[in-house]
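Colleague: Below is the file start_38.cif, with mmCIF, C-alpha atoms; chains and numbers go by the auth columns.
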data_final
loop_
_atom_site.group_PDB
_atom_site.id
_atom_site.type_symbol
_atom_site.label_atom_id
_atom_site.label_comp_id
_atom_site.label_asym_id
_atom_site.label_seq_id
_atom_site.Cartn_x
_atom_site.Cartn_y
_atom_site.Cartn_z
_atom_site.B_iso_or_equiv
_atom_site.auth_seq_id
_atom_site.auth_asym_id
ATOM 1 C CA MET A 1 -2.705 -17.113 24.063 0.00 53 A
ATOM 2 C CA GLU A 2 0.374 -15.532 25.571 0.00 54 A
ATOM 3 C CA ILE A 3 1.778 -12.553 23.666 0.00 55 A
ATOM 4 C CA ILE A 4 5.169 -12.547 25.376 0.00 56 A
ATOM 5 C CA HIS A 5 7.486 -15.518 25.837 0.00 57 A
ATOM 6 C CA LYS A 6 10.608 -15.985 27.930 0.00 58 A
ATOM 7 C CA ASN A 7 12.632 -17.142 24.905 0.00 59 A
ATOM 8 C CA LEU A 8 12.037 -13.738 23.228 0.00 60 A
ATOM 9 C CA VAL A 9 13.198 -11.553 26.126 0.00 61 A
ATOM 10 C CA PHE A 10 16.838 -10.442 26.151 0.00 62 A
ATOM 11 C CA PRO A 11 18.373 -8.201 28.834 0.00 63 A
ATOM 12 C CA ASN A 12 21.702 -6.378 28.464 0.00 64 A
ATOM 13 C CA LYS A 13 22.465 -7.154 24.824 0.00 65 A
ATOM 14 C CA LYS A 14 25.247 -5.325 22.984 0.00 66 A
ATOM 15 C CA PHE A 15 25.286 -4.358 19.302 0.00 67 A
ATOM 16 C CA LYS A 16 27.273 -2.027 17.076 0.00 68 A
ATOM 17 C CA ASN A 17 24.260 -0.529 15.322 0.00 69 A
ATOM 18 C CA ASP A 18 20.510 -0.658 14.821 0.00 70 A
ATOM 19 C CA HIS A 19 20.806 -3.025 11.844 0.00 71 A
ATOM 20 C CA ASP A 20 22.578 -5.650 13.966 0.00 72 A
ATOM 21 C CA ALA A 21 20.132 -5.207 16.861 0.00 73 A
ATOM 22 C CA LEU A 22 17.092 -5.512 14.606 0.00 74 A
ATOM 23 C CA SER A 23 18.557 -8.480 12.723 0.00 75 A
ATOM 24 C CA PHE A 24 19.226 -10.361 15.957 0.00 76 A
ATOM 25 C CA LEU A 25 15.757 -9.797 17.384 0.00 77 A
ATOM 26 C CA ALA A 26 13.909 -10.490 14.119 0.00 78 A
ATOM 27 C CA LEU A 27 15.840 -13.736 13.607 0.00 79 A
ATOM 28 C CA GLU A 28 14.940 -14.819 17.139 0.00 80 A
ATOM 29 C CA VAL A 29 11.256 -14.271 16.282 0.00 81 A
ATOM 30 C CA GLU A 30 11.679 -16.263 13.052 0.00 82 A
ATOM 31 C CA ASN A 31 13.647 -19.070 14.712 0.00 83 A
ATOM 32 C CA ALA A 32 11.043 -19.390 17.464 0.00 84 A
ATOM 33 C CA GLY A 33 8.445 -20.063 14.764 0.00 85 A
ATOM 34 C CA TYR A 34 6.363 -16.907 15.200 0.00 86 A
ATOM 35 C CA ALA A 35 7.286 -15.360 11.840 0.00 87 A
ATOM 36 C CA ARG A 36 8.037 -16.405 8.304 0.00 88 A
ATOM 37 C CA SER A 37 11.562 -16.424 6.882 0.00 89 A
ATOM 38 C CA THR A 38 10.756 -13.046 5.276 0.00 90 A
ATOM 39 C CA TYR A 39 10.246 -11.303 8.631 0.00 91 A
ATOM 40 C CA LYS A 40 13.793 -10.065 9.271 0.00 92 A
ATOM 41 C CA ASP A 41 14.172 -8.522 5.820 0.00 93 A
ATOM 42 C CA ALA A 42 10.705 -6.976 6.106 0.00 94 A
ATOM 43 C CA VAL A 43 11.566 -5.405 9.490 0.00 95 A
ATOM 44 C CA LEU A 44 14.842 -3.987 8.138 0.00 96 A
ATOM 45 C CA ALA A 45 13.194 -2.635 4.985 0.00 97 A
ATOM 46 C CA ARG A 46 10.350 -1.035 6.943 0.00 98 A
ATOM 47 C CA GLU A 47 12.771 0.559 9.415 0.00 99 A
ATOM 48 C CA LYS A 48 14.534 2.369 6.546 0.00 100 A
ATOM 49 C CA ILE A 49 11.270 3.894 5.326 0.00 101 A
ATOM 50 C CA PHE A 50 9.456 4.309 8.652 0.00 102 A
ATOM 51 C CA PRO A 51 11.987 4.623 11.499 0.00 103 A
ATOM 52 C CA THR A 52 10.806 3.506 14.923 0.00 104 A
ATOM 53 C CA GLY A 53 13.078 5.336 17.387 0.00 105 A
ATOM 54 C CA LEU A 54 10.879 7.062 19.947 0.00 106 A
ATOM 55 C CA PRO A 55 12.238 9.875 22.125 0.00 107 A
ATOM 56 C CA THR A 56 10.900 8.985 25.559 0.00 108 A
ATOM 57 C CA GLY A 57 13.260 10.919 27.803 0.00 109 A
ATOM 58 C CA LYS A 58 16.425 9.499 29.314 0.00 110 A
ATOM 59 C CA ILE A 59 15.658 5.977 28.118 0.00 111 A
ATOM 60 C CA ASN A 60 14.595 5.945 24.470 0.00 112 A
ATOM 61 C CA VAL A 61 12.655 3.065 22.926 0.00 113 A
ATOM 62 C CA ALA A 62 12.347 1.615 19.419 0.00 114 A
ATOM 63 C CA ILE A 63 9.199 -0.230 18.343 0.00 115 A
ATOM 64 C CA PRO A 64 10.070 -2.029 15.090 0.00 116 A
ATOM 65 C CA HIS A 65 7.709 -4.350 13.272 0.00 117 A
ATOM 66 C CA ALA A 66 6.763 -5.729 9.857 0.00 118 A
ATOM 67 C CA ASP A 67 3.455 -6.178 8.072 0.00 119 A
ATOM 68 C CA SER A 68 1.237 -9.019 9.258 0.00 120 A
ATOM 69 C CA GLU A 69 1.820 -11.078 6.096 0.00 121 A
ATOM 70 C CA HIS A 70 5.280 -11.919 7.499 0.00 122 A
ATOM 71 C CA VAL A 71 3.907 -13.144 10.850 0.00 123 A
ATOM 72 C CA ILE A 72 2.568 -16.591 11.714 0.00 124 A
ATOM 73 C CA THR A 73 1.571 -16.068 15.361 0.00 125 A
ATOM 74 C CA SER A 74 1.445 -12.751 17.223 0.00 126 A
ATOM 75 C CA THR A 75 4.188 -12.144 19.772 0.00 127 A
ATOM 76 C CA LEU A 76 6.535 -9.526 21.155 0.00 128 A
ATOM 77 C CA ALA A 77 10.310 -9.705 21.377 0.00 129 A
ATOM 78 C CA VAL A 78 11.946 -7.350 23.857 0.00 130 A
ATOM 79 C CA MET A 79 15.529 -6.503 24.623 0.00 131 A
ATOM 80 C CA THR A 80 17.375 -4.002 26.712 0.00 132 A
ATOM 81 C CA LEU A 81 20.723 -2.745 25.473 0.00 133 A
ATOM 82 C CA LYS A 82 23.829 -2.593 27.628 0.00 134 A
ATOM 83 C CA GLU A 83 24.903 0.468 25.638 0.00 135 A
ATOM 84 C CA PRO A 84 22.416 2.577 23.624 0.00 136 A
ATOM 85 C CA VAL A 85 22.352 2.150 19.842 0.00 137 A
ATOM 86 C CA ASP A 86 21.400 4.955 17.446 0.00 138 A
ATOM 87 C CA PHE A 87 18.046 4.559 15.726 0.00 139 A
ATOM 88 C CA HIS A 88 16.453 7.064 13.398 0.00 140 A
ATOM 89 C CA ASN A 89 13.820 9.145 15.133 0.00 141 A
ATOM 90 C CA MET A 90 10.216 8.297 14.262 0.00 142 A
ATOM 91 C CA GLY A 91 9.186 11.963 14.324 0.00 143 A
ATOM 92 C CA GLU A 92 12.325 13.366 12.661 0.00 144 A
ATOM 93 C CA PRO A 93 13.696 10.614 10.388 0.00 145 A
ATOM 94 C CA LYS A 94 16.850 12.541 9.456 0.00 146 A
ATOM 95 C CA SER A 95 17.982 12.630 13.080 0.00 147 A
ATOM 96 C CA THR A 96 19.007 9.749 15.327 0.00 148 A
ATOM 97 C CA LEU A 97 18.599 9.071 19.008 0.00 149 A
ATOM 98 C CA PRO A 98 20.243 6.600 21.386 0.00 150 A
ATOM 99 C CA VAL A 99 17.854 3.704 22.044 0.00 151 A
ATOM 100 C CA SER A 100 18.146 1.457 25.105 0.00 152 A
ATOM 101 C CA ILE A 101 15.014 -0.695 24.804 0.00 153 A
ATOM 102 C CA VAL A 102 13.706 -2.427 21.682 0.00 154 A
ATOM 103 C CA ILE A 103 10.146 -3.772 21.668 0.00 155 A
ATOM 104 C CA MET A 104 9.606 -5.674 18.425 0.00 156 A
ATOM 105 C CA MET A 105 6.035 -6.422 17.446 0.00 157 A
ATOM 106 C CA ALA A 106 5.116 -9.434 15.363 0.00 158 A
ATOM 107 C CA ILE A 107 1.359 -9.106 14.917 0.00 159 A
ATOM 108 C CA ALA A 108 -0.486 -11.636 12.744 0.00 160 A
ATOM 109 C CA GLU A 109 -3.835 -9.842 12.856 0.00 161 A
ATOM 110 C CA PRO A 110 -3.558 -6.346 11.309 0.00 162 A
ATOM 111 C CA LYS A 111 -6.329 -4.990 13.554 0.00 163 A
ATOM 112 C CA GLY A 112 -4.416 -6.173 16.619 0.00 164 A
ATOM 113 C CA GLN A 113 -1.549 -3.779 16.035 0.00 165 A
ATOM 114 C CA LEU A 114 -3.401 -0.763 17.406 0.00 166 A
ATOM 115 C CA SER A 115 -4.301 -2.379 20.740 0.00 167 A
ATOM 116 C CA MET A 116 -0.734 -3.633 21.100 0.00 168 A
ATOM 117 C CA LEU A 117 0.699 -0.198 20.340 0.00 169 A
ATOM 118 C CA GLN A 118 -1.581 1.347 22.959 0.00 170 A
ATOM 119 C CA LYS A 119 -0.273 -1.048 25.611 0.00 171 A
ATOM 120 C CA ILE A 120 3.336 -0.421 24.570 0.00 172 A
ATOM 121 C CA MET A 121 2.753 3.337 24.740 0.00 173 A
ATOM 122 C CA ASP A 122 1.598 2.925 28.348 0.00 174 A
ATOM 123 C CA ILE A 123 5.026 1.445 29.090 0.00 175 A
ATOM 124 C CA VAL A 124 7.149 3.936 27.168 0.00 176 A
ATOM 125 C CA GLN A 125 5.386 6.903 28.752 0.00 177 A
ATOM 126 C CA ASP A 126 6.303 5.648 32.235 0.00 178 A
ATOM 127 C CA ALA A 127 9.911 6.780 32.791 0.00 179 A
ATOM 128 C CA GLU A 128 10.135 4.990 36.146 0.00 180 A
ATOM 129 C CA HIS A 129 9.057 1.710 34.628 0.00 181 A
ATOM 130 C CA LEU A 130 11.588 2.072 31.809 0.00 182 A
ATOM 131 C CA LYS A 131 14.290 2.480 34.488 0.00 183 A
ATOM 132 C CA GLU A 132 13.077 -0.719 36.146 0.00 184 A
ATOM 133 C CA LEU A 133 13.215 -2.629 32.861 0.00 185 A
ATOM 134 C CA MET A 134 16.828 -1.507 32.378 0.00 186 A
ATOM 135 C CA LYS A 135 17.830 -2.868 35.812 0.00 187 A
ATOM 136 C CA TYR A 136 16.964 -6.489 35.058 0.00 188 A
ATOM 137 C CA THR A 137 19.947 -8.718 34.391 0.00 189 A
ATOM 138 C CA THR A 138 18.189 -12.001 33.663 0.00 190 A
ATOM 139 C CA ALA A 139 15.579 -12.973 31.093 0.00 191 A
ATOM 140 C CA GLU A 140 13.458 -14.377 33.947 0.00 192 A
ATOM 141 C CA GLU A 141 13.258 -10.992 35.707 0.00 193 A
ATOM 142 C CA LEU A 142 12.536 -9.061 32.520 0.00 194 A
ATOM 143 C CA PHE A 143 9.967 -11.639 31.408 0.00 195 A
ATOM 144 C CA ALA A 144 8.177 -11.616 34.787 0.00 196 A
ATOM 145 C CA ASP A 145 7.746 -7.830 34.611 0.00 197 A
ATOM 146 C CA LEU A 146 6.589 -7.782 30.982 0.00 198 A
ATOM 147 C CA ASN A 147 4.332 -10.801 31.437 0.00 199 A
ATOM 148 C CA GLN A 148 2.450 -8.923 34.185 0.00 200 A
ATOM 149 C CA ILE A 149 1.803 -6.074 31.756 0.00 201 A
ATOM 150 C CA PHE A 150 0.877 -8.068 28.687 0.00 202 A
ATOM 151 C CA GLN A 151 -1.014 -10.994 30.245 0.00 203 A
ATOM 152 C CA GLU A 152 -4.337 -9.256 29.622 0.00 204 A
ATOM 153 C CA VAL A 153 -3.548 -8.406 25.988 0.00 205 A
ATOM 154 C CA HIS A 154 -5.118 -10.812 23.528 0.00 206 A
ATOM 155 C CA ILE A 155 -4.762 -10.458 19.784 0.00 207 A
#
Render the structure in this file as structure tokens.
Modeller:
Amino acid sequence: MEIIHKNLVFPNKKFKNDHDALSFLALEVENAGYARSTYKDAVLAREKIFPTGLPTGKINVAIPHADSEHVITSTLAVMTLKEPVDFHNMGEPKSTLPVSIVIMMAIAEPKGQLSMLQKIMDIVQDAEHLKELMKYTTAEELFADLNQIFQEVHI
């Protein structure tokens, strides 16, 4: 089963804040049928307690998610931001950092989260690849790149 889908890939989106960005992406996951109607609120609530902004260099990434009870079928939703949005730092929750890429996990199988996180970490630790992801202007381009990476991931 595919983990990434073209209808959940969004290049060059613009939001005022992290709440709006997370709400948009979580609702897309819900509306596509991969998560329950509780998913968005669960993502927002979890983000307040466990922030997901990750300082990865020039292009910072956020990796939000919710517990598996809110997910129907595992998937990822990914968006690049036209202008960075401040997210609270995972390692230093009182501070914020400008995030340009959001990789939202919706994982139905709790044990699958670790393998997915490992694959995502491979991406976020590759500064050159993050630059490439930011260059894509269409969902097709962004999807093609991400699909290559995640095609071997099965949860």
Colleague: Report the distance between CA of Lys68 in chain A and CA of Tyr188 in chain A in Å, rounded to one decimal place.
Modeller: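 So the two atoms, CA of Lys68 in chain A and CA of Tyr188 in chain A, lie 21.2 Å apart.
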Colleague: Please write out, as AutoDock Vina command-line options, where the centre of an axis-aligned box around all listed atoms of range 125-139 of chain A lies and how long its edges are, in Å to one decimal, after adding 3 Å on each side.
Modeller:
--center_x 13.2 --center_y -5.6 --center_z 21.5 --size_x 29.5 --size_y 27.0 --size_z 18.3
Colleague: Between CA of Ala118 in chain A and CA of Leu198 in chain A, what distance in Å does the model show, to one decimal?
Modeller: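 Straight-line distance from CA of Ala118 in chain A to CA of Leu198 in chain A works out to 21.2 Å.
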Colleague: So the first atom is CA of Glu180 in chain A and the second is CA of Ser147 in chain A; what is the distance between them in Å, to one decimal place?
Modeller: 25.5 Å
Colleague: For the provided coordinates, the residues matched by the PyMOL selection byres ((chain A and resi 59) around 12) should be stated as a PyMOL selection string.
Modeller: chain A and resi 55-58+60-63+77+80-86+127-131+190-192+194-195
Colleague: What residues have an atom no more than 8 Å from (3.6, -17.2, 15.1) in the file's own frame, counting all atoms listed in the file, and can you write them as a ChimeraX atom specification?
Modeller: /A:85-87,123-127,158,160
Colleague: Between A:Met142, A:Ala94, A:Val176, A:Ile101, which is the closest to Ser120 in chain A once you count all atoms listed in the file?
Modeller: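 For Ser120 in chain A, the nearest of the candidates is A:Ala94.
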Colleague: Near Ile111 in chain A, counting all atoms listed in the file, which residues have an atom at most 12 Å away, once you skip same-chain residues fewer than 6 positions from it, shown as a list of chain:residue names?
Modeller: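 These residues fall inside the cut-off: A:Gly105, A:Thr132, A:Leu133, A:Lys134, A:Glu135, A:Pro136, A:Val137, A:Leu149, A:Pro150, A:Val151, A:Ser152, A:Ile153, A:Val154, A:Ile175, A:Val176, A:Gln177, A:Asp178, A:Ala179, A:Glu180, A:His181, A:Leu182, A:Lys183, A:Glu184, A:Leu185, A:Met186, A:Lys187.
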Colleague: From the list A:Gly109, A:Asp197, A:Asp119, A:Glu99, which residue is nearest Ile159 in chain A when using all atoms listed in the file?
Modeller: A:Asp119
Colleague: Using all atoms listed in the file, determine which residues lie at most 7 Å from Pro116 in chain A, disregarding the query and same-chain residues fewer than 4 positions distant; provide the list as a ChimeraX atom specification.
Modeller: /A:95,99,104,155-157
Colleague: Which residue, A:Ala78, A:Ile201, A:Leu166, A:Ala114, has the smallest gap to Glu54 in chain A when you use all atoms listed in the file?
Modeller: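 Among the listed residues, the smallest separation from Glu54 in chain A belongs to A:Ile201.
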Colleague: Quick one: which residues end up in the PyMOL selection byres ((chain A and resi 168) around 9) for this structure, as a compact mmCIF listing (two decimals) with C-alpha atoms, keeping the file's coordinate frame?
Modeller:
# COMPACT_ATOMS: atom_id res chain seq x y z
CA MET A 157 6.04 -6.42 17.45
CA ILE A 159 1.36 -9.11 14.92
CA GLY A 164 -4.42 -6.17 16.62
CA GLN A 165 -1.55 -3.78 16.04
CA LEU A 166 -3.40 -0.76 17.41
CA SER A 167 -4.30 -2.38 20.74
CA LEU A 169 0.70 -0.20 20.34
CA GLN A 170 -1.58 1.35 22.96
CA LYS A 171 -0.27 -1.05 25.61
CA ILE A 172 3.34 -0.42 24.57
CA MET A 173 2.75 3.34 24.74
CA PHE A 202 0.88 -8.07 28.69
CA VAL A 205 -3.55 -8.41 25.99
CA HIS A 206 -5.12 -10.81 23.53
CA ILE A 207 -4.76 -10.46 19.78
Colleague: Would you please work out which residue, of A:Glu121, A:Pro162, A:Lys66, A:Asp174, is nearest to Arg88 in chain A when using all atoms listed in the file?
Modeller: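 The shortest atom-to-atom distance to Arg88 in chain A comes from A:Glu121.
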Colleague: Could you add N, CA and C atoms to range 93-129 of chain A and give me the result as an mmCIF file, in the coordinates of the input?
Modeller:
data_model
loop_
_atom_site.group_PDB
_atom_site.id
_atom_site.type_symbol
_atom_site.label_atom_id
_atom_site.label_comp_id
_atom_site.auth_asym_id
_atom_site.auth_seq_id
_atom_site.Cartn_x
_atom_site.Cartn_y
_atom_site.Cartn_z
ATOM 1 N N ASP A 93 13.980 -9.470 6.929
ATOM 2 C CA ASP A 93 14.172 -8.522 5.820
ATOM 3 C C ASP A 93 13.055 -7.490 5.773
ATOM 4 N N ALA A 94 11.834 -7.911 6.103
ATOM 5 C CA ALA A 94 10.705 -6.976 6.106
ATOM 6 C C ALA A 94 10.863 -5.925 7.216
ATOM 7 N N VAL A 95 11.332 -6.350 8.387
ATOM 8 C CA VAL A 95 11.566 -5.405 9.490
ATOM 9 C C VAL A 95 12.639 -4.385 9.084
ATOM 10 N N LEU A 96 13.739 -4.879 8.536
ATOM 11 C CA LEU A 96 14.842 -3.987 8.138
ATOM 12 C C LEU A 96 14.406 -3.013 7.042
ATOM 13 N N ALA A 97 13.658 -3.501 6.076
ATOM 14 C CA ALA A 97 13.194 -2.635 4.985
ATOM 15 C C ALA A 97 12.225 -1.574 5.510
ATOM 16 N N ARG A 98 11.333 -1.982 6.398
ATOM 17 C CA ARG A 98 10.350 -1.035 6.943
ATOM 18 C C ARG A 98 11.044 0.029 7.798
ATOM 19 N N GLU A 99 12.045 -0.376 8.546
ATOM 20 C CA GLU A 99 12.771 0.559 9.415
ATOM 21 C C GLU A 99 13.431 1.670 8.603
ATOM 22 N N LYS A 100 13.903 1.343 7.398
ATOM 23 C CA LYS A 100 14.534 2.369 6.546
ATOM 24 C C LYS A 100 13.523 3.414 6.086
ATOM 25 N N ILE A 101 12.306 2.981 5.828
ATOM 26 C CA ILE A 101 11.270 3.894 5.326
ATOM 27 C C ILE A 101 10.530 4.577 6.474
ATOM 28 N N PHE A 102 10.197 3.807 7.498
ATOM 29 C CA PHE A 102 9.456 4.309 8.652
ATOM 30 C C PHE A 102 10.244 4.005 9.925
ATOM 31 N N PRO A 103 11.171 4.875 10.307
ATOM 32 C CA PRO A 103 11.987 4.623 11.499
ATOM 33 C C PRO A 103 11.127 4.525 12.757
ATOM 34 N N THR A 104 11.619 3.773 13.733
ATOM 35 C CA THR A 104 10.806 3.506 14.923
ATOM 36 C C THR A 104 11.425 3.997 16.229
ATOM 37 N N GLY A 105 12.503 4.785 16.163
ATOM 38 C CA GLY A 105 13.078 5.336 17.387
ATOM 39 C C GLY A 105 12.123 6.354 17.987
ATOM 40 N N LEU A 106 11.847 6.208 19.261
ATOM 41 C CA LEU A 106 10.879 7.062 19.947
ATOM 42 C C LEU A 106 11.568 7.792 21.090
ATOM 43 N N PRO A 107 11.617 9.128 21.027
ATOM 44 C CA PRO A 107 12.238 9.875 22.125
ATOM 45 C C PRO A 107 11.331 9.867 23.353
ATOM 46 N N THR A 108 11.740 9.136 24.365
ATOM 47 C CA THR A 108 10.900 8.985 25.559
ATOM 48 C C THR A 108 11.578 9.526 26.817
ATOM 49 N N GLY A 109 12.572 10.362 26.644
ATOM 50 C CA GLY A 109 13.260 10.919 27.803
ATOM 51 C C GLY A 109 14.663 10.370 27.907
ATOM 52 N N LYS A 110 15.069 10.001 29.112
ATOM 53 C CA LYS A 110 16.425 9.499 29.314
ATOM 54 C C LYS A 110 16.631 8.119 28.705
ATOM 55 N N ILE A 111 15.584 7.327 28.673
ATOM 56 C CA ILE A 111 15.658 5.977 28.118
ATOM 57 C C ILE A 111 14.754 5.931 26.889
ATOM 58 N N ASN A 112 15.369 5.965 25.704
ATOM 59 C CA ASN A 112 14.595 5.945 24.470
ATOM 60 C C ASN A 112 14.275 4.515 24.054
ATOM 61 N N VAL A 113 13.180 4.377 23.308
ATOM 62 C CA VAL A 113 12.655 3.065 22.926
ATOM 63 C C VAL A 113 12.482 3.018 21.413
ATOM 64 N N ALA A 114 12.686 1.850 20.826
ATOM 65 C CA ALA A 114 12.347 1.615 19.419
ATOM 66 C C ALA A 114 11.261 0.538 19.383
ATOM 67 N N ILE A 115 10.312 0.706 18.455
ATOM 68 C CA ILE A 115 9.199 -0.230 18.343
ATOM 69 C C ILE A 115 9.105 -0.736 16.898
ATOM 70 N N PRO A 116 10.079 -1.531 16.467
ATOM 71 C CA PRO A 116 10.070 -2.029 15.090
ATOM 72 C C PRO A 116 9.034 -3.136 14.878
ATOM 73 N N HIS A 117 8.627 -3.277 13.639
ATOM 74 C CA HIS A 117 7.709 -4.350 13.272
ATOM 75 C C HIS A 117 7.680 -4.497 11.756
ATOM 76 N N ALA A 118 6.955 -5.502 11.292
ATOM 77 C CA ALA A 118 6.763 -5.729 9.857
ATOM 78 C C ALA A 118 5.275 -5.973 9.636
ATOM 79 N N ASP A 119 4.859 -5.931 8.395
ATOM 80 C CA ASP A 119 3.455 -6.178 8.072
ATOM 81 C C ASP A 119 3.046 -7.593 8.476
ATOM 82 N N SER A 120 1.766 -7.760 8.738
ATOM 83 C CA SER A 120 1.237 -9.019 9.258
ATOM 84 C C SER A 120 1.457 -10.212 8.323
ATOM 85 N N GLU A 121 1.612 -9.969 7.040
ATOM 86 C CA GLU A 121 1.820 -11.078 6.096
ATOM 87 C C GLU A 121 3.102 -11.862 6.386
ATOM 88 N N HIS A 122 4.012 -11.261 7.163
ATOM 89 C CA HIS A 122 5.280 -11.919 7.499
ATOM 90 C C HIS A 122 5.214 -12.654 8.841
ATOM 91 N N VAL A 123 4.057 -12.595 9.503
ATOM 92 C CA VAL A 123 3.907 -13.144 10.850
ATOM 93 C C VAL A 123 2.994 -14.365 10.832
ATOM 94 N N ILE A 124 3.379 -15.380 11.585
ATOM 95 C CA ILE A 124 2.568 -16.591 11.714
ATOM 96 C C ILE A 124 1.673 -16.489 12.947
ATOM 97 N N THR A 125 2.279 -16.190 14.085
ATOM 98 C CA THR A 125 1.571 -16.068 15.361
ATOM 99 C C THR A 125 2.038 -14.800 16.062
ATOM 100 N N SER A 126 1.107 -14.018 16.564
ATOM 101 C CA SER A 126 1.445 -12.751 17.223
ATOM 102 C C SER A 126 2.304 -12.971 18.464
ATOM 103 N N THR A 127 3.320 -12.113 18.596
ATOM 104 C CA THR A 127 4.188 -12.144 19.772
ATOM 105 C C THR A 127 4.934 -10.823 19.866
ATOM 106 N N LEU A 128 5.616 -10.645 20.970
ATOM 107 C CA LEU A 128 6.535 -9.526 21.155
ATOM 108 C C LEU A 128 7.911 -10.094 21.452
ATOM 109 N N ALA A 129 8.937 -9.386 20.998
ATOM 110 C CA ALA A 129 10.310 -9.705 21.377
ATOM 111 C C ALA A 129 10.872 -8.422 21.977
#
